[in-house]
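Chemist: Contents of start-v8.txt (compact mmCIF, C-alpha atoms) are below:
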```
# COMPACT_ATOMS: atom_id res chain seq x y z
CA MET J 1 197.47 208.54 341.00
CA SER J 2 198.71 209.84 344.33
CA ALA J 3 202.06 210.92 342.89
CA ASN J 4 200.59 212.71 339.86
CA ARG J 5 197.48 214.11 341.45
CA ALA J 6 197.75 217.42 339.60
CA VAL J 7 198.06 215.74 336.21
CA TRP J 8 195.27 213.32 336.98
CA GLY J 9 193.03 216.11 338.21
CA ARG J 10 193.59 218.11 335.01
CA VAL J 11 192.93 215.12 332.75
CA ARG J 12 189.82 214.25 334.73
CA SER J 13 188.38 217.73 334.51
CA ARG J 14 188.88 217.74 330.75
CA LEU J 15 187.22 214.33 330.52
CA ARG J 16 184.28 215.59 332.53
CA ALA J 17 183.63 218.21 329.88
CA PHE J 18 183.32 215.57 327.15
CA PRO J 19 179.60 214.83 327.55
CA GLU J 20 178.47 218.41 326.97
CA HIS J 21 180.66 218.80 323.91
CA LEU J 22 179.35 215.50 322.62
CA ALA J 23 175.81 216.73 323.17
CA ALA J 24 176.60 219.69 320.93
CA CYS J 25 177.52 217.28 318.11
CA GLY J 26 174.36 215.17 318.14
CA PRO J 27 173.83 214.71 314.38
CA GLU J 28 177.46 213.81 313.64
CA ALA J 29 177.54 211.32 316.51
CA ALA J 30 174.28 209.79 315.32
CA ALA J 31 175.64 209.47 311.78
CA TYR J 32 178.78 207.71 313.02
CA GLY J 33 176.75 205.43 315.27
CA ARG J 34 174.43 204.51 312.41
CA CYS J 35 177.39 203.69 310.17
CA VAL J 36 178.91 201.35 312.75
CA GLN J 37 175.56 199.81 313.54
CA ALA J 38 174.93 199.16 309.84
CA SER J 39 178.12 197.13 309.63
CA THR J 40 176.86 194.77 312.35
CA ALA J 41 173.87 193.71 310.27
CA PRO J 42 174.08 190.20 308.80
CA GLY J 43 176.40 190.29 305.81
CA GLY J 44 178.20 193.37 307.05
CA ARG J 45 181.79 193.39 308.18
CA LEU J 46 183.41 195.89 310.49
CA SER J 47 186.99 196.76 309.60
CA LYS J 48 189.33 199.55 310.58
CA ASP J 49 188.37 203.01 309.32
CA LEU J 50 185.16 201.77 307.77
CA CYS J 51 183.41 204.89 309.06
CA ALA J 52 186.40 207.20 308.94
CA ARG J 53 184.56 209.97 307.12
CA GLU J 54 181.77 210.15 309.71
CA PHE J 55 184.30 210.02 312.52
CA GLU J 56 186.28 212.90 311.04
CA ALA J 57 183.10 214.95 310.89
CA LEU J 58 182.44 214.10 314.54
CA ARG J 59 185.96 214.94 315.59
CA SER J 60 186.01 218.33 313.86
CA CYS J 61 182.66 219.18 315.40
CA PHE J 62 184.05 218.16 318.79
CA ALA J 63 187.22 220.24 318.29
CA ALA J 64 185.09 223.21 317.26
CA ALA J 65 183.00 222.83 320.41
CA LEU J 66 186.19 222.74 322.50
CA THR J 67 187.53 225.85 320.74
CA ALA J 68 184.29 227.72 321.27
CA GLU J 69 184.38 226.88 324.94
CA ARG J 70 187.99 227.64 325.63
CA GLY J 71 188.65 230.48 323.21
CA CYS J 72 191.92 228.91 322.07
CA LEU J 73 192.67 225.68 320.31
CA GLY J 74 193.48 222.97 322.83
CA HIS J 75 196.61 221.11 321.81
CA GLN J 76 194.93 217.77 322.32
CA TRP J 77 192.30 218.07 319.66
CA ARG J 78 193.78 219.43 316.48
CA LEU J 79 191.82 219.87 313.29
CA PRO J 80 191.83 216.76 311.07
CA PRO J 81 195.28 215.91 309.73
CA PRO J 82 196.16 215.22 306.09
CA PRO J 83 194.84 211.79 305.09
CA GLN J 84 198.15 209.89 305.07
CA LEU J 85 198.73 210.48 308.80
CA LEU J 86 195.53 208.57 309.63
CA GLN J 87 197.44 205.33 309.12
CA SER J 88 199.57 205.97 312.20
CA PRO J 89 198.79 203.34 314.84
CA ARG J 90 198.97 205.77 317.73
CA GLY J 91 196.25 208.07 316.48
CA LEU J 92 196.47 211.73 317.23
CA GLY J 93 196.61 213.66 320.44
CA MET S 1 171.83 192.09 321.00
CA LEU S 2 174.40 191.41 318.36
CA ARG S 3 176.87 188.57 318.80
CA PRO S 4 178.49 187.79 315.49
CA ALA S 5 180.68 185.01 316.84
CA GLY S 6 182.54 184.48 313.59
CA LEU S 7 183.40 188.15 313.45
CA TRP S 8 184.96 188.08 316.93
CA ARG S 9 187.40 185.29 316.07
CA LEU S 10 188.38 187.04 312.86
CA LEU S 11 189.15 190.35 314.49
CA TRP S 12 190.54 189.17 317.82
CA ARG S 13 194.01 190.53 318.33
CA PRO S 14 195.24 190.04 321.90
CA TRP S 15 197.02 193.11 323.17
CA ALA S 16 198.68 191.16 325.95
CA PRO S 17 200.24 187.85 324.98
CA GLY S 18 199.36 184.65 326.75
CA VAL S 19 195.62 185.11 327.16
CA PRO S 20 193.73 182.35 325.38
CA ALA S 21 190.65 183.73 323.67
CA GLU S 22 188.33 181.03 325.02
CA ASN S 23 188.85 182.22 328.59
CA LEU S 24 187.06 185.46 327.90
CA GLY S 25 183.37 185.70 328.64
CA ARG S 26 183.24 182.40 330.49
CA ARG S 27 185.07 180.97 333.48
CA LYS S 28 186.47 177.47 333.21
CA VAL S 29 185.18 175.23 335.98
CA ALA S 30 188.21 173.42 337.38
CA SER S 31 187.74 169.69 337.50
CA GLY S 32 189.19 167.30 340.03
CA VAL S 33 189.03 167.13 343.78
CA SER S 34 190.45 170.08 345.63
CA ILE S 35 191.44 170.16 349.26
CA PRO S 36 190.13 172.99 351.42
CA GLY S 37 193.13 175.21 351.98
CA GLY S 38 194.86 174.33 348.70
CA PRO S 39 194.35 176.01 345.33
CA SER S 40 192.13 174.24 342.79
CA PRO S 41 193.96 172.56 339.95
CA ARG S 42 194.08 174.88 336.92
CA ALA S 43 193.09 177.85 339.09
CA LEU S 44 192.97 181.00 337.05
CA ASN S 45 194.74 184.21 337.94
CA ILE S 46 192.70 186.78 336.10
CA PHE S 47 192.47 189.70 338.49
CA ASP S 48 195.11 191.81 340.17
CA ARG S 49 193.79 191.65 343.74
CA ASP S 50 196.28 194.22 344.96
CA LEU S 51 194.99 196.74 342.45
CA LYS S 52 191.39 195.89 343.35
CA ARG S 53 192.18 196.66 346.98
CA LYS S 54 193.68 200.01 345.99
CA GLN S 55 190.67 200.81 343.81
CA LYS S 56 188.22 199.97 346.58
CA ASN S 57 190.21 202.00 349.08
CA TRP S 58 190.22 204.95 346.70
CA ALA S 59 186.49 204.62 346.06
CA ALA S 60 185.75 204.48 349.80
CA ARG S 61 187.77 207.67 350.37
CA GLN S 62 185.73 209.71 347.90
CA PRO S 63 184.19 212.91 349.27
CA GLU S 64 180.65 211.58 348.67
CA PRO S 65 180.71 207.79 348.88
CA ALA S 66 176.92 207.56 349.08
CA LYS S 67 176.61 208.95 345.55
CA PHE S 68 177.70 205.67 343.96
CA ASP S 69 176.02 203.31 346.39
CA TYR S 70 172.65 202.93 344.69
CA LEU S 71 173.29 199.53 343.15
CA ARG S 72 174.86 198.01 346.24
CA GLU S 73 172.07 199.39 348.44
CA GLU S 74 169.43 197.80 346.22
CA VAL S 75 171.10 194.41 346.08
CA GLY S 76 171.88 194.56 349.81
CA SER S 77 168.22 195.12 350.63
CA ARG S 78 167.19 192.21 348.39
CA ILE S 79 169.63 189.92 350.14
CA ALA S 80 168.27 191.06 353.51
CA ASP S 81 164.80 190.13 352.20
CA ARG S 82 166.06 186.65 351.49
CA VAL S 83 167.51 186.41 354.98
CA TYR S 84 164.13 187.38 356.44
CA ASP S 85 162.45 184.76 354.24
CA ILE S 86 164.25 182.06 356.20
CA THR S 87 162.24 181.53 359.37
CA ARG S 88 165.24 181.19 361.62
CA ASP S 89 167.48 183.35 363.74
CA PHE S 90 171.21 183.32 363.24
CA SER S 91 173.49 183.92 366.16
CA LEU S 92 176.68 184.46 364.15
CA ALA S 93 176.81 185.79 360.60
CA LEU S 94 179.58 186.71 358.15
CA ASP S 95 179.45 189.27 355.34
CA LEU S 96 182.08 188.72 352.64
CA GLY S 97 183.16 191.75 350.67
CA CYS S 98 180.80 193.90 352.69
CA GLY S 99 181.88 197.30 351.40
CA ARG S 100 180.25 199.77 353.77
CA GLY S 101 177.90 197.15 355.16
CA TYR S 102 174.85 197.35 352.93
CA ILE S 103 173.19 194.19 354.22
CA ALA S 104 173.64 194.77 357.94
CA GLN S 105 171.74 198.03 357.90
CA HIS S 106 168.52 196.21 356.86
CA LEU S 107 168.71 193.41 359.43
CA ASN S 108 167.72 193.54 363.08
CA LYS S 109 169.18 192.21 366.33
CA GLU S 110 166.66 189.38 366.62
CA THR S 111 167.47 187.84 363.27
CA VAL S 112 171.24 188.12 363.49
CA GLY S 113 172.97 188.06 366.86
CA LYS S 114 176.47 189.16 365.83
CA PHE S 115 177.83 190.18 362.46
CA PHE S 116 181.38 189.76 361.15
CA GLN S 117 182.05 192.11 358.27
CA THR S 118 185.04 191.41 356.07
CA ASP S 119 186.44 193.29 353.11
CA ILE S 120 189.83 193.71 351.49
CA ALA S 121 189.59 197.51 351.66
CA GLU S 122 190.02 199.00 355.12
CA ASN S 123 188.67 202.43 354.16
CA ALA S 124 185.33 200.81 353.39
CA LEU S 125 185.26 199.15 356.80
CA LYS S 126 186.11 202.45 358.48
CA ASN S 127 183.15 204.22 356.87
CA SER S 128 180.58 201.51 357.52
CA LEU S 129 176.89 202.34 357.73
CA GLU S 130 174.85 202.42 360.92
CA THR S 131 173.32 199.16 362.09
CA GLU S 132 171.80 197.99 365.36
CA ILE S 133 173.55 194.61 365.25
CA PRO S 134 176.90 194.36 367.06
CA THR S 135 179.56 194.03 364.34
CA VAL S 136 183.21 193.10 364.17
CA SER S 137 185.17 194.34 361.15
CA VAL S 138 187.86 192.04 359.81
CA LEU S 139 190.23 192.82 356.98
CA ALA S 140 190.21 189.59 354.97
CA ASP S 141 190.35 188.38 351.40
CA GLU S 142 187.40 186.30 350.16
CA GLU S 143 189.75 183.52 349.11
CA PHE S 144 191.69 183.30 352.41
CA LEU S 145 189.17 183.35 355.24
CA PRO S 146 190.82 183.42 358.68
CA PHE S 147 188.03 181.52 360.45
CA ARG S 148 187.76 178.04 361.90
CA GLU S 149 185.58 175.26 360.60
CA ASN S 150 181.90 175.24 361.62
CA THR S 151 181.79 178.79 362.92
CA PHE S 152 178.95 180.66 361.24
CA ASP S 153 175.21 180.12 360.97
CA LEU S 154 174.89 182.48 358.03
CA VAL S 155 177.27 183.73 355.36
CA VAL S 156 176.19 186.50 352.99
CA SER S 157 178.07 188.04 350.12
CA SER S 158 176.84 190.89 347.99
CA LEU S 159 178.47 191.80 344.68
CA SER S 160 182.05 190.99 345.53
CA LEU S 161 182.62 187.42 344.34
CA HIS S 162 182.95 188.52 340.72
CA TRP S 163 186.45 189.85 341.47
CA VAL S 164 187.62 186.58 343.02
CA ASN S 165 190.28 184.67 341.10
CA ASP S 166 189.62 181.17 342.40
CA LEU S 167 185.86 181.02 342.78
CA PRO S 168 185.64 177.26 343.46
CA ARG S 169 188.07 177.63 346.33
CA ALA S 170 186.25 180.67 347.73
CA LEU S 171 182.96 178.74 347.75
CA GLU S 172 184.66 175.77 349.40
CA GLN S 173 186.04 178.05 352.10
CA ILE S 174 182.55 179.45 352.69
CA HIS S 175 181.27 175.91 353.01
CA TYR S 176 184.10 175.15 355.43
CA VAL S 177 183.36 178.01 357.83
CA LEU S 178 179.63 177.31 357.88
CA LYS S 179 178.08 175.22 360.66
CA PRO S 180 176.05 172.18 359.63
CA ASP S 181 172.59 173.43 358.68
CA GLY S 182 174.12 176.82 357.96
CA VAL S 183 173.15 178.80 354.89
CA PHE S 184 175.04 180.85 352.33
CA ILE S 185 173.18 183.64 350.50
CA GLY S 186 175.15 185.38 347.78
CA ALA S 187 174.69 187.82 344.93
CA MET S 188 177.02 188.10 341.97
CA PHE S 189 177.04 189.92 338.69
CA GLY S 190 176.01 187.72 335.80
CA GLY S 191 176.85 187.27 332.14
CA ASP S 192 174.71 190.01 330.65
CA THR S 193 176.00 192.75 332.92
CA LEU S 194 177.10 195.87 331.07
CA TYR S 195 176.72 194.20 327.69
CA GLU S 196 175.91 197.56 326.10
CA LEU S 197 179.20 199.02 327.29
CA ARG S 198 181.13 195.95 326.25
CA CYS S 199 179.63 195.92 322.75
CA SER S 200 180.07 199.66 322.18
CA LEU S 201 183.70 199.56 323.21
CA GLN S 202 184.39 196.53 321.03
CA LEU S 203 182.79 198.06 317.96
CA ALA S 204 184.43 201.44 318.44
CA GLU S 205 187.85 199.94 319.10
CA THR S 206 187.57 197.70 316.07
CA GLU S 207 186.59 200.56 313.83
CA ARG S 208 189.13 203.00 315.20
CA GLU S 209 192.11 200.79 315.98
CA GLY S 210 191.61 197.57 314.05
CA GLY S 211 191.30 195.20 317.03
CA PHE S 212 189.85 195.18 320.52
CA SER S 213 190.87 194.15 324.00
CA PRO S 214 188.57 193.28 326.89
CA HIS S 215 187.41 196.16 329.06
CA VAL S 216 184.59 194.43 330.94
CA SER S 217 185.65 191.53 333.13
CA PRO S 218 184.46 187.97 332.44
CA PHE S 219 181.44 186.83 334.42
CA THR S 220 180.36 183.37 335.54
CA ALA S 221 177.64 181.66 333.54
CA ILE S 222 174.54 180.65 335.48
CA SER S 223 174.97 176.94 334.73
CA ASP S 224 178.54 177.05 335.99
CA LEU S 225 177.33 178.67 339.20
CA GLY S 226 175.09 175.72 340.02
CA HIS S 227 177.94 173.30 339.37
CA LEU S 228 180.36 175.31 341.49
CA LEU S 229 177.99 175.39 344.45
CA GLY S 230 177.36 171.67 344.14
CA ARG S 231 181.06 170.90 343.97
CA ALA S 232 181.74 173.02 347.02
CA GLY S 233 179.39 170.77 348.95
CA PHE S 234 176.23 172.88 349.21
CA ASN S 235 172.79 171.26 349.28
CA THR S 236 169.37 172.44 348.29
CA LEU S 237 170.60 175.08 345.89
CA THR S 238 168.52 177.97 344.69
CA VAL S 239 169.85 180.21 341.93
CA ASP S 240 167.73 182.95 340.47
CA THR S 241 168.50 185.96 338.35
CA ASP S 242 167.41 189.56 338.36
CA GLU S 243 168.07 192.39 335.95
CA ILE S 244 168.44 195.97 337.07
CA GLN S 245 168.55 198.59 334.36
CA VAL S 246 169.94 201.98 335.27
CA ASN S 247 169.67 204.94 332.91
CA TYR S 248 172.59 207.33 332.51
CA PRO S 249 172.95 210.56 330.54
CA GLY S 250 175.75 209.00 328.52
CA MET S 251 178.66 206.57 328.46
CA PHE S 252 181.09 208.86 330.28
CA GLU S 253 178.78 209.21 333.26
CA LEU S 254 178.41 205.43 333.38
CA MET S 255 182.18 204.96 333.41
CA GLU S 256 182.59 207.57 336.13
CA ASP S 257 179.98 205.83 338.27
CA LEU S 258 181.63 202.45 337.78
CA GLN S 259 184.91 203.91 338.95
CA GLY S 260 183.23 205.55 341.93
CA MET S 261 181.76 202.18 342.92
CA GLY S 262 185.23 200.65 342.91
CA GLU S 263 184.33 198.45 339.94
CA SER S 264 187.13 199.55 337.61
CA ASN S 265 188.84 196.90 335.56
CA CYS S 266 191.68 195.14 337.31
CA SER S 267 192.35 192.15 335.06
CA TRP S 268 195.97 191.42 334.31
CA ASN S 269 195.27 191.57 330.57
CA ARG S 270 193.68 195.00 330.62
CA LYS S 271 194.92 197.61 328.21
CA ALA S 272 196.51 200.49 330.08
CA LEU S 273 195.27 203.19 327.75
CA LEU S 274 191.93 203.99 326.15
CA HIS S 275 192.36 206.55 323.40
CA ARG S 276 190.23 209.67 323.39
CA ASP S 277 189.17 208.89 319.83
CA THR S 278 188.00 205.46 320.87
CA MET S 279 186.12 206.82 323.85
CA LEU S 280 184.38 209.39 321.69
CA ALA S 281 183.52 206.77 319.08
CA ALA S 282 182.24 204.36 321.73
CA ALA S 283 180.05 207.04 323.30
CA ALA S 284 178.55 207.83 319.89
CA VAL S 285 177.93 204.14 319.15
CA TYR S 286 176.43 203.54 322.62
CA ARG S 287 174.03 206.40 322.23
CA GLU S 288 172.96 205.42 318.73
CA MET S 289 172.52 201.71 319.41
CA TYR S 290 171.00 201.63 322.87
CA ARG S 291 169.46 204.96 323.76
CA ASN S 292 165.99 205.28 325.30
CA GLU S 293 163.24 207.60 324.08
CA ASP S 294 164.17 210.33 326.50
CA GLY S 295 167.77 210.42 325.31
CA SER S 296 169.35 208.58 328.22
CA VAL S 297 171.30 205.38 327.73
CA PRO S 298 170.60 202.22 329.74
CA ALA S 299 173.11 200.00 331.47
CA THR S 300 172.05 196.48 332.42
CA TYR S 301 173.21 194.83 335.61
CA GLN S 302 172.29 191.17 335.76
CA ILE S 303 172.46 189.81 339.29
CA TYR S 304 172.51 186.11 340.20
CA TYR S 305 171.21 185.33 343.69
CA MET S 306 172.26 181.99 345.11
CA ILE S 307 171.27 180.16 348.28
CA GLY S 308 173.03 177.03 349.44
CA TRP S 309 172.81 174.98 352.64
CA LYS S 310 175.44 172.97 354.47
CA TYR S 311 174.37 169.42 355.04
CA HIS S 312 172.64 168.44 358.27
CA ASP S 313 170.65 165.32 359.17
CA SER S 314 167.52 167.32 359.86
CA GLN S 315 167.35 168.58 356.26
CA ALA S 316 164.84 167.02 353.88
CA ARG S 317 166.35 164.41 351.64
CA PRO S 318 165.03 162.96 348.38
CA ALA S 319 162.81 159.92 349.08
CA GLU S 320 164.06 156.39 348.38
CA ARG S 321 163.39 154.97 344.96
CA GLY S 322 160.27 152.83 344.92
CA SER S 323 158.76 154.31 348.09
CA ALA S 324 155.94 156.11 346.28
CA THR S 325 152.40 155.39 347.47
CA VAL S 326 150.49 157.39 344.85
CA SER S 327 151.27 157.96 341.20
CA PHE S 328 151.43 161.23 339.27
CA GLY S 329 148.46 160.09 337.19
CA GLU S 330 146.23 160.66 340.21
CA LEU S 331 147.22 164.32 340.49
CA GLY S 332 143.75 165.43 339.42
CA LYS S 333 142.22 163.78 342.48
CA ILE S 334 144.72 165.28 344.92
CA ASN S 335 142.05 166.98 347.04
CA ASN S 336 140.35 163.63 347.69
CA LEU S 337 143.63 161.98 348.47
CA MET S 338 144.62 164.66 350.96
CA SER S 339 141.30 164.59 352.82
CA GLN S 340 141.50 160.78 352.96
CA GLY S 341 144.97 161.09 354.42
CA LYS S 342 143.75 163.51 357.08
CA LYS S 343 140.81 161.26 358.01
CA SER S 344 143.07 158.26 358.45
CA GLN S 345 145.43 160.18 360.76
```
Using structure tokens, write down the structure that the file contains.

Modeler:
Amino acid sequence: MSANRAVWGRVRSRLRAFPEHLAACGPEAAAYGRCVQASTAPGGRLSKDLCAREFEALRSCFAAALTAERGCLGHQWRLPPPPQLLQSPRGLG
Amino acid sequence: MLRPAGLWRLLWRPWAPGVPAENLGRRKVASGVSIPGGPSPRALNIFDRDLKRKQKNWAARQPEPAKFDYLREEVGSRIADRVYDITRDFSLALDLGCGRGYIAQHLNKETVGKFFQTDIAENALKNSLETEIPTVSVLADEEFLPFRENTFDLVVSSLSLHWVNDLPRALEQIHYVLKPDGVFIGAMFGGDTLYELRCSLQLAETEREGGFSPHVSPFTAISDLGHLLGRAGFNTLTVDTDEIQVNYPGMFELMEDLQGMGESNCSWNRKALLHRDTMLAAAAVYREMYRNEDGSVPATYQIYYMIGWKYHDSQARPAERGSATVSFGELGKINNLMSQGKKSQ
């Protein structure tokens, strides 16, 4: 942290903006949360990408909120990729 | 609170090899006799103490350290209440893992004559809070106390023993430095602490990445705590639990506060990276599953308070078997019995 203070400071300031962007995407976040919560009911089973559709909606809303705030598309949050790339273990960004 | 135990075993995929799944969520109590000064058999090495020292130093050097102190202040004042409850004055006291000295600021010169404050982070000791008791600051680890046997009348510890690797040995060392008829009053985080955060991160990581790794450190169970204190040699134990619920605007603010308190994860088996996707998913899950009516999200801190005494002849002992003079069946007539006893005296 001491050696890369500039990088850490930049990452931190971006992270600090997350809550307000998330607040702008209330319905999508609630839909995703409900989907995950439903899988924890008895008889449900949570597996990878069970709620991928809701999460994609949340991520595009989040990216749109970032774009609106910054005026240019941040390279971290791209618009949703073509479906086959979702299988990559690293994720995106 | 959901705990589908079968589901955990099915989806557990350790990110770091060599961590047995049964060690998570519960400490093993080491069995066998251990010598004061030597490590317990089967002592665990869960936490990176060097990293914890760096984290606490960083947290103490923040521009506004008082912003994150609310939890420690509250628990410190409750421990000071327990010290006042004991109708005795202590000439020499020790505070383990004192941070900025949250207990000393509530006590007065009559109750405690001199206070030794120890912590592993020297920045915390440098910024200690005002107190009227004369204090000596010592840089010491909770597991390696540099004090002689039978030194202190009182040992207090507030919210720092949950980062100790060898808890049985730490408690034995506390017992060692206490004088006979000395008392240890401690507060530790308990099993239900931050369960909302733990569950949200597990669910989000499972859904996003296919497996999860521990992000909240394992806490001692309350039954284990009683056993540990007994094994360390303490008498007349009292363990009680308290739950403090703090409301936050969201998960990110909670995580920032935890880091500001110096409570970031420092286990050896921690995952180095938390993906943005996972964080976003976890925040959404947290809000949906646990939010309050006003939109804030709660975080639970469960605190175990423990009081243990070092043996002394003057302490009350259980009566001998067969020495009873009245039976429990006569409990209804206890008023008569007591007045008869007073008349005969």

Chemist: As a list in words, please: the residues near stretch 272-289 of chain S (cut-off 7 Å, only C-alpha atoms, same-chain neighbours under 6 positions excluded).

Modeler: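 The residues satisfying every condition are Ala29, Ala30, Tyr32, Gly33, Arg34 and Gln37 of chain J; Glu196, Ser200, Leu201, Ala204, Glu205, Arg208, Met251 and Val297 of chain S.
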
Chemist: Using 8 Å of padding on each side, determine the axis-aligned box around all atoms of stretch 8-14 of chain J present in the file and give its centre and edge lengths in Å to one decimal, as lines of an AutoDock Vina configuration file.

Modeler:
```
center_x = 191.8
center_y = 215.7
center_z = 334.5
size_x = 22.9
size_y = 20.8
size_z = 23.5
```

Chemist: For atom CA of S:Asn57 and atom CA of S:Asp119, determine how far apart the two atoms are, in Å to one decimal place.

Modeler: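 Separation between atom CA of S:Asn57 and atom CA of S:Asp119: 10.3 Å.
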
Chemist: What does the distance from atom CA of S:Asp242 to atom CA of S:Ile303 come to in Å, to one decimal?

Modeler: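 About the pair atom CA of S:Asp242 and atom CA of S:Ile303: they are 5.1 Å apart.
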
Chemist: Restricting the calculation to all atoms listed in the file, which member of J:Ser13, J:Ser39, J:Ser47, J:Asn4 is positioned closest to chain S?

Modeler: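 Among the listed residues, the smallest separation from chain S belongs to J:Ser47.
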
Chemist: Would you work out the distance separating atom CA of S:Leu107 from atom CA of S:Ser137, expressed in Å to one decimal?

Modeler: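 Atom CA of S:Leu107 sits 16.6 Å away from atom CA of S:Ser137.
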
Chemist: Rank S:Pro318, S:Gly182, S:Gly295, S:Gly76 by their smallest atom-to-atom distance to S:Ser160, using only C-alpha atoms, and report the top residue only.

Modeler: S:Gly76

Chemist: List as a list in words the protein and nucleic acid residues near J:Lys48, meaning an atom at most 9 Å away when only C-alpha atoms are counted, but skip any in the same chain fewer than 4 places from it.

Modeler: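 Counting only the stated atoms, we get Ala52 of chain J; Glu205, Thr206, Glu207, Arg208, Glu209, Gly210 and Gly211 of chain S.
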